[in-house]
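Next up, structure35.cif (mmCIF, C-alpha atoms):
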data_work
#
loop_
_atom_site.label_atom_id
_atom_site.label_comp_id
_atom_site.auth_asym_id
_atom_site.auth_seq_id
_atom_site.Cartn_x
_atom_site.Cartn_y
_atom_site.Cartn_z
CA MET P 1 -99.67 -94.52 -161.35
CA ASN P 2 -99.66 -90.80 -160.64
CA LYS P 3 -99.67 -90.53 -156.86
CA ARG P 4 -98.60 -87.17 -155.52
CA SER P 5 -97.15 -86.54 -152.09
CA ARG P 6 -99.19 -84.52 -149.62
CA VAL P 7 -97.48 -81.58 -147.96
CA ALA P 8 -98.37 -79.09 -145.26
CA LEU P 9 -96.79 -75.68 -144.84
CA MET P 10 -96.75 -73.92 -141.50
CA LYS P 11 -95.85 -70.41 -140.44
CA GLY P 12 -95.41 -69.32 -136.84
CA ASP P 13 -93.01 -68.29 -134.11
CA ASP P 14 -92.47 -71.73 -132.53
CA ARG P 15 -90.73 -74.18 -134.86
CA TYR P 16 -91.45 -77.28 -132.78
CA ASP P 17 -95.11 -76.31 -132.48
CA ASN P 18 -95.32 -75.82 -136.25
CA ILE P 19 -93.96 -79.31 -136.90
CA ALA P 20 -96.38 -80.82 -134.41
CA LYS P 21 -99.37 -79.07 -136.02
CA ALA P 22 -98.48 -79.57 -139.70
CA PRO P 23 -99.79 -83.16 -140.01
CA SER P 24 -103.21 -82.05 -138.78
CA LEU P 25 -103.54 -79.92 -141.92
CA ILE P 26 -103.46 -82.98 -144.16
CA GLU P 27 -104.86 -85.69 -141.87
CA ASP P 28 -108.05 -86.03 -143.93
CA ASP P 29 -106.02 -86.58 -147.10
CA ILE P 30 -103.79 -89.40 -145.88
CA ASP P 31 -104.33 -92.88 -144.50
CA LEU P 32 -101.63 -94.08 -142.15
CA SER P 33 -103.58 -97.00 -140.69
CA ASP P 34 -101.32 -99.60 -142.29
CA LYS P 35 -98.09 -97.64 -141.76
CA LYS P 36 -95.61 -97.97 -138.92
CA ARG P 37 -93.89 -94.63 -139.53
CA ALA P 38 -94.29 -91.27 -141.21
CA LEU P 39 -91.53 -89.04 -142.50
CA VAL P 40 -91.28 -85.31 -141.90
CA LYS P 41 -88.84 -84.23 -144.58
CA PRO P 42 -86.81 -81.09 -143.88
CA LYS P 43 -85.60 -78.98 -146.77
CA PHE P 44 -81.79 -78.97 -146.70
CA VAL P 45 -80.88 -77.47 -150.05
CA SER P 46 -78.41 -74.73 -149.18
CA MET P 47 -75.89 -74.09 -146.44
CA ARG P 48 -75.19 -70.55 -147.62
CA ARG P 49 -78.73 -69.30 -147.97
CA GLN P 50 -80.76 -69.92 -144.82
CA LEU P 51 -84.05 -68.89 -146.43
CA ALA P 52 -83.75 -71.84 -148.82
CA ALA P 53 -83.56 -74.46 -146.06
CA THR P 54 -85.26 -75.71 -142.92
CA HIS P 55 -83.72 -74.05 -139.87
CA GLU P 56 -81.38 -76.34 -137.94
CA GLU P 57 -83.32 -75.85 -134.69
CA THR P 58 -86.35 -77.40 -136.34
CA VAL P 59 -84.71 -80.81 -136.67
CA ALA P 60 -82.39 -80.74 -133.66
CA PRO P 61 -83.46 -83.12 -130.90
CA SER P 62 -84.90 -81.20 -127.95
CA TRP P 63 -82.34 -82.70 -125.58
CA ILE P 64 -79.48 -80.94 -127.40
CA SER P 65 -80.59 -77.39 -126.59
#

Would you mind writing the file out in structure tokens?
Amino acid sequence: MNKRSRVALMKGDDRYDNIAKAPSLIEDDIDLSDKKRALVKPKFVSMRRQLAATHEETVAPSWIS
């Protein structure tokens, strides 16, 4: 079984807005009707090189700021 994951890449000035809009880019390719949850996976690969990772503000709960 060769089932690949679907991904959406966003670019913009508002990180929260980008995360909210990203699923709409792939909504025709995925079926979540029998799912209870979906995962938005941040990219945390490097603490030293910010360009290689999702910015911390992207995943911080809004009530923290």

- Task: Take CA of Lys36 (chain P) and CA of Met10 (chain P) and report the distance between them in Å, one decimal.
- Result: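 These two atoms are separated by 24.2 Å.
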
- Query: If you count only C-alpha atoms, which residues fall within 12 Å of Lys21 (chain P), apart from same-chain ones fewer than 2 positions away, as a ChimeraX atom specification?
  - Reply: /P:8-12,14-19,23-27,40

- Task: Mind giving me the straight-line distance from CA of Arg4 (chain P) to CA of Asp31 (chain P) in Å, one decimal?
- Result: 13.7 Å

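Closest approach to Ala20 (chain P) among P:Thr58, P:Ser5, P:Arg49, P:Leu32: P:Thr58, based on all atoms listed in the file.
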
- Task: Provide the CA of Glu57 (chain P) to CA of Lys41 (chain P) distance in Å, to one decimal place.
- Result: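 Separation of CA of Glu57 (chain P) and CA of Lys41 (chain P): 14.1 Å.
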